[in-house]
Amino acid sequence: MEIKLFISIIFLLIGCQATLGGYTYTTKTFEVPLDHFSFVNNKTFHIRYLENNTFAGESSGPIFFYTGNEGDIELFAENTGLMWELAPKMKASLIFAEHRYYGKSLPFGNESFSGPEKLGYLSAEQALADYADLLAAINPEGRPVIAFGGSYGGMLAAWFRMKYPHLVTGALAASAPVRQFEVECDIFNRILTSVYKTSYNENCSKNIAKVWDTMKQQMANDKSKQDFNAKFKFCKFLNTTQELDEFFDYLNDVLGNLAMVNYPYESSFLAPLPAYPVRQFCYELKEDLTLNGTLLLDAFHRALNVYSNFTGKTKCLDIASAYDSSMGDAGWNFQSCTEMTWSNCQNGTTDMFPPKAWNFQEYSDECFKKFQVRPKNYSRMAPGEIRYGGGNLAGASNIIFSNGLLDPWSGGGIFNDQPGILVVVIPEGAHHLDLRASHKDDPESVTEARRLYVKQFKKWIDRNRKFKNVKRK
């Protein structure tokens, strides 16, 4: 036991310093149990975390703790400028913890995704327990802790405060769709369509709605199929209906990603993109192109280049993934088949997509084919609702839920005030824009939101310190 503790301390202290996007941090590792909830499995592995104590002074200030989500932790550290900006003002230490099975925090190394017997330890509950162990080790003096997170990371930040309130003083859950388990299956696509409908003019969403059938027509014979492939310059020639469906899935992801990162300045979070990329995309689809399918496809191809080839350096269109390689597709796909199963459908009436009903059995079969696991049939209540309450936060406190109205994930967010919960709505905000670094082109609503966060953080921290002083007496 003493040897194991000694090894843990060594891993905790040894690290290497690096700079990313202008932010300097030390990379460290921390030993955690493979299974926090078993008394017979004693296997362990190491998660990675990034640390910066530059601004902490005598270490009496708070700890800002980022609850890492589905990707390399360095990606989130680089894109969560709010924490870096507030740290010197509030004399805070910074910790960015990497989620198990993502980045370099792989329990079984290159074999971590080889089968369900190894993947079975990937869950939000296990990750939260990792963070709790890490926090307890690095914060023995009980400094106030504010958890930060965006998207799934925002869900984790809220749940971290809910499940470990003795360790976490408060949480900022930005763009956290904690209600996604319980909302209508078409909510994401309805909001997404609205973003495209209002970003330039209504022709944008109308033309997107028409492009699907136009593409099917192009794939109908050899000559038009050749022209279609030549136009989009696919890395792999599309030849079958199934391959066209895969292209449609790619486009669904791209359209969603463009709305999520519809920031008012150039960014490179999911891909290199211009300012207000949805507006740029819709600029190419602003005309009424119903008379000629070829013109529509030409315009759509130009629009797609906003996402797929903004830099002009892409030689061919790879539809294998619409995400940056730093995002952990394999891990998230598994989680989507287990605890994060969210119904998704489209009807072609209230959205701009071909009708596609939600079929739980088909989804379950696909999950079994990929991972040999099946999601639970949540006819009554989803696992996420049972474990964390979904939108029922009666027992929660000291959590800020923020949502941007330009974010399609806002349909699963918290908008109703509840005791102990602060709701912040950002009308011009895309997906967790408020967590990013300040920018001269930020809308006033996001600037005001950040000012509000600081006031709330200070209240939580002061209350925490007063409570500790009373407890000592």
# chains A, B, ... in the order shown; residues from 1 in each chain; ligands from 1
$ residues_around --residues "Ala330 of chain A" --least-positions-apart "5" --cutoff "12 Å" --atoms "only C-alpha atoms" --output "ChimeraX atom specification"
/A:70-71,101-103,112-115,119,122,321,323,325,335-337,367,370-371
$ write_last_selection --atoms "C-alpha atoms" --output "PDB file, in the first residue's frame"
ATOM      1  CA  GLU A  70     -14.802  13.728 -25.469  1.00  0.00           C
ATOM      2  CA  GLY A  71     -11.408  14.685 -26.856  1.00  0.00           C
ATOM      3  CA  TYR A 101     -10.496   6.824 -23.021  1.00  0.00           C
ATOM      4  CA  TYR A 102      -9.784  10.179 -24.709  1.00  0.00           C
ATOM      5  CA  GLY A 103      -6.549  11.882 -25.683  1.00  0.00           C
ATOM      6  CA  SER A 112      -8.535   0.295 -25.272  1.00  0.00           C
ATOM      7  CA  PHE A 113     -11.121   0.071 -28.083  1.00  0.00           C
ATOM      8  CA  SER A 114     -10.554  -3.555 -28.998  1.00  0.00           C
ATOM      9  CA  GLY A 115     -13.767  -4.919 -27.471  1.00  0.00           C
ATOM     10  CA  LEU A 119     -14.455  -0.467 -23.361  1.00  0.00           C
ATOM     11  CA  LEU A 122     -15.908   4.112 -20.236  1.00  0.00           C
ATOM     12  CA  SER A 321     -15.305  12.204 -40.277  1.00  0.00           C
ATOM     13  CA  TYR A 323     -14.581  16.359 -36.838  1.00  0.00           C
ATOM     14  CA  SER A 325      -8.846  14.323 -35.314  1.00  0.00           C
ATOM     15  CA  GLN A 335     -20.965   6.262 -24.977  1.00  0.00           C
ATOM     16  CA  SER A 336     -23.803   7.077 -27.383  1.00  0.00           C
ATOM     17  CA  CYS A 337     -24.576   3.381 -27.478  1.00  0.00           C
ATOM     18  CA  CYS A 367     -24.587  -0.459 -31.627  1.00  0.00           C
ATOM     19  CA  LYS A 370     -20.122  -1.916 -33.724  1.00  0.00           C
ATOM     20  CA  PHE A 371     -19.448  -2.654 -30.057  1.00  0.00           C
TER      21      PHE A 371
END
$ residues_around --residues "His99 of chain A" --least-positions-apart "2" --cutoff "9 Å" --atoms "only C-alpha atoms" --output "PyMOL selection string"
chain A and resi 47-48+67-73+97+101-103+105+124+127-128+130-131
$ closest_atom_pairs --of "segment 242-288 of chain A" --to "segment 216-220 of chain A" --cutoff "12 Å" --atoms "only C-alpha atoms" --output "tab-separated table"
residue	atom	partner	partner_atom	distance
A:Gln242	CA	A:Met219	CA	11.2
A:Glu243	CA	A:Met219	CA	10.4
A:Leu244	CA	A:Lys216	CA	7.9
A:Asp245	CA	A:Lys216	CA	9.6
A:Phe247	CA	A:Lys216	CA	11.1
A:Phe248	CA	A:Lys216	CA	10.4
$ atom_distance --atom1 "atom CA of Glu78 of chain A" --atom2 "atom CA of Gly22 of chain A"
8.3 Å
$ select_by_dssp --residues "segment 298-401 of chain A" --states "alpha helix (DSSP H)" --output "NGL selection string"
:A and (298-308 or 329-336 or 360-371 or 383-388)
$ residues_around --residues "Pro355 of chain A" --least-positions-apart "5" --cutoff "10 Å" --atoms "only C-alpha atoms" --output "mmCIF file with C-alpha atoms, in the first residue's frame"
data_model
loop_
_atom_site.group_PDB
_atom_site.id
_atom_site.type_symbol
_atom_site.label_atom_id
_atom_site.label_comp_id
_atom_site.auth_asym_id
_atom_site.auth_seq_id
_atom_site.Cartn_x
_atom_site.Cartn_y
_atom_site.Cartn_z
ATOM 1 C CA CYS A 345 -35.323 12.268 -35.914
ATOM 2 C CA GLN A 346 -36.168 14.559 -38.826
ATOM 3 C CA ASN A 347 -39.437 15.064 -40.697
ATOM 4 C CA GLY A 348 -38.701 17.330 -43.670
ATOM 5 C CA THR A 349 -41.485 19.692 -42.587
#
$ closest_residue --among "A:Tyr200, A:Tyr23, A:Phe108, A:Phe181" --to "Thr80 of chain A" --atoms "only C-alpha atoms"
A:Tyr23
$ atom_distance --atom1 "atom CA of Asn52 of chain A" --atom2 "atom CA of Ala132 of chain A"
18.6 Å
$ atom_distance --atom1 "atom CA of Asn53 of chain A" --atom2 "atom CA of Trp84 of chain A"
11.1 Å
$ closest_residue --among "A:Thr44, A:Ser445, A:Asn79, A:Thr169" --to "Leu270 of chain A" --atoms "only C-alpha atoms"
A:Asn79
$ select_by_dssp --residues "segment 144-239 of chain A" --states "strand (DSSP E or B)" --output "PDB file with C-alpha atoms, in the first residue's frame"
ATOM      1  CA  VAL A 145     -13.167  24.720  -6.458  1.00  0.00           C
ATOM      2  CA  ILE A 146     -15.122  25.977  -9.473  1.00  0.00           C
ATOM      3  CA  ALA A 147     -15.806  23.340 -12.141  1.00  0.00           C
ATOM      4  CA  PHE A 148     -15.950  24.493 -15.766  1.00  0.00           C
ATOM      5  CA  GLY A 149     -17.178  22.578 -18.787  1.00  0.00           C
ATOM      6  CA  GLY A 150     -18.805  23.010 -22.181  1.00  0.00           C
ATOM      7  CA  GLY A 170     -19.781  25.539  -7.755  1.00  0.00           C
ATOM      8  CA  ALA A 171     -19.954  24.855 -11.488  1.00  0.00           C
ATOM      9  CA  LEU A 172     -20.340  26.674 -14.786  1.00  0.00           C
ATOM     10  CA  ALA A 173     -22.119  24.306 -17.194  1.00  0.00           C
ATOM     11  CA  ALA A 174     -21.985  25.999 -20.596  1.00  0.00           C
ATOM     12  CA  PHE A 234     -14.405  12.866 -52.996  1.00  0.00           C
TER      13      PHE A 234
END
$ closest_residue --among "A:Ser402, A:Ser194, A:Asn207, A:Ser60" --to "Pro144 of chain A" --atoms "only C-alpha atoms"
A:Ser60
$ closest_residue --among "A:Asn221, A:Ser175, A:Asn464, A:Asn392" --to "Asp407 of chain A" --atoms "only C-alpha atoms"
A:Ser175
$ residues_around --residues "segment 250-264 of chain A" --least-positions-apart "3" --cutoff "6 Å" --atoms "only C-alpha atoms" --output "list of chain:residue names"
A:Phe247, A:Ala275, A:Tyr276, A:Pro277, A:Val278, A:Ile319, A:Ala322, A:Asp407, A:Ala430, A:His431
$ closest_residue --among "A:Val195, A:Ala176, A:Leu134, A:Leu435" --to "Leu406 of chain A" --atoms "only C-alpha atoms"
A:Val195
$ closest_residue --among "A:Glu85, A:Glu339, A:Glu246, A:Glu51" --to "Glu98 of chain A" --atoms "only C-alpha atoms"
A:Glu51
$ residues_around --residues "Gly81 of chain A" --least-positions-apart "6" --cutoff "8 Å" --atoms "only C-alpha atoms" --output "ChimeraX atom specification"
/A:435-438
